[in-house]
Amino acid sequence: MTTKNRPLSPHLQIYRWQITMVMSILHRATGVALALGSLLLVYWLVSLASGPEAYALALECLGSAPAVAVLAGASFAFFYHLCNGIRHLVWDTGRGFEISQLYASGYAAIIASIALTAGFWLLIV
């Protein structure tokens, strides 16, 4: 059996990372993180409905340092997904497709999601 010299399709290793590529991947990842993070919300709601002892235990668990880090990550995922979703809604109107606009809206979404996350945590802490 002989092997033929077939051209290989482009692979991620030959692409130069760009903000649009990173934003697309991060949008999908934050969507998955939000779906998984909703389990924490369900846990909190079930503990609330289960009585004061269960709720106190949930508050203790969710107040630990690792849980707060996960909650901070989940809040960033929420705000990033929100800001990037608004960016996509603007695209649905047919605007914002020029390269300079793509980069500007990408950086704006990242900066806004960081600012919203920081503001949210300053508000609740």
# chains A, B, ... in the order shown; residues from 1 in each chain; ligands from 1
$ residues_around --residues "A:Ser100" --least-positions-apart "5" --cutoff "12 Å" --atoms "only C-alpha atoms" --output "list in words"
Ile19, Thr20, Ser105, Gly106 and Tyr107 of chain A
$ write_last_selection --atoms "C-alpha atoms" --output "JSON list (two decimals), in the first residue's frame"
[["chain", "number", "residue", "atom", "x", "y", "z"],
["A", 19, "ILE", "CA", -8.88, 38.83, 18.97],
["A", 20, "THR", "CA", -11.85, 37.72, 16.87],
["A", 105, "SER", "CA", -15.95, 46.22, 19.73],
["A", 106, "GLY", "CA", -13.94, 43.20, 20.87],
["A", 107, "TYR", "CA", -11.75, 45.24, 23.19]]
$ select_by_dssp --residues "chain A" --states "alpha helix (DSSP H)" --output "ChimeraX atom specification"
/A:19-49,52-62,65-92,99-124
$ residues_around --residues "stretch 72-86 of chain A" --least-positions-apart "5" --cutoff "10 Å" --atoms "only C-alpha atoms" --output "PyMOL selection string"
chain A and resi 23-24+26-38+40+66-67+91-92+105-106+108-118+120-121
$ closest_residue --among "A:Ala56, A:Leu71, A:Ala65, A:Ile25" --to "A:Leu39" --atoms "only C-alpha atoms"
A:Leu71
$ residues_around --residues "stretch 59-63 of chain A" --least-positions-apart "6" --cutoff "12 Å" --atoms "only C-alpha atoms" --output "MDAnalysis selection string"
chainID A and resid 40:41 43:45 47:48 52:53 69:72 125
$ write_last_selection --atoms "N, CA and C atoms" --output "compact mmCIF listing (two decimals), in the first residue's frame"
# COMPACT_ATOMS: atom_id res chain seq x y z
N LEU A 40 -24.90 25.83 40.59
CA LEU A 40 -24.71 26.49 41.89
C LEU A 40 -25.95 27.28 42.30
N LEU A 41 -26.56 27.92 41.34
CA LEU A 41 -27.79 28.64 41.62
C LEU A 41 -28.90 27.69 42.06
N TYR A 43 -28.45 24.77 43.49
CA TYR A 43 -28.07 24.32 44.84
C TYR A 43 -28.50 25.34 45.88
N TRP A 44 -28.23 26.62 45.62
CA TRP A 44 -28.58 27.68 46.56
C TRP A 44 -30.10 27.75 46.73
N LEU A 45 -30.85 27.67 45.65
CA LEU A 45 -32.31 27.74 45.74
C LEU A 45 -32.91 26.53 46.47
N SER A 47 -31.37 24.73 48.73
CA SER A 47 -31.04 24.87 50.15
C SER A 47 -31.94 25.91 50.81
N LEU A 48 -32.29 26.95 50.10
CA LEU A 48 -33.20 27.96 50.62
C LEU A 48 -34.58 27.38 50.90
N PRO A 52 -33.69 26.34 57.31
CA PRO A 52 -32.57 27.16 57.78
C PRO A 52 -31.25 26.43 57.92
N GLU A 53 -31.30 25.16 58.31
CA GLU A 53 -30.04 24.41 58.48
C GLU A 53 -29.36 24.19 57.13
N ALA A 69 -14.11 32.14 44.44
CA ALA A 69 -13.36 32.23 43.19
C ALA A 69 -14.17 31.69 42.02
N VAL A 70 -14.86 30.58 42.24
CA VAL A 70 -15.72 30.02 41.19
C VAL A 70 -16.87 30.98 40.88
N LEU A 71 -17.46 31.57 41.92
CA LEU A 71 -18.55 32.53 41.71
C LEU A 71 -18.06 33.78 40.98
N ALA A 72 -16.84 34.24 41.28
CA ALA A 72 -16.28 35.38 40.57
C ALA A 72 -16.07 35.03 39.09
N VAL A 125 -19.80 42.94 48.03
CA VAL A 125 -18.87 42.60 49.13
C VAL A 125 -18.88 43.68 50.19
$ atom_distance --atom1 "atom CA of A:Leu122" --atom2 "atom CA of A:Ala54"
27.2 Å
$ atom_distance --atom1 "atom CA of A:Leu123" --atom2 "atom CA of A:Ala58"
21.2 Å
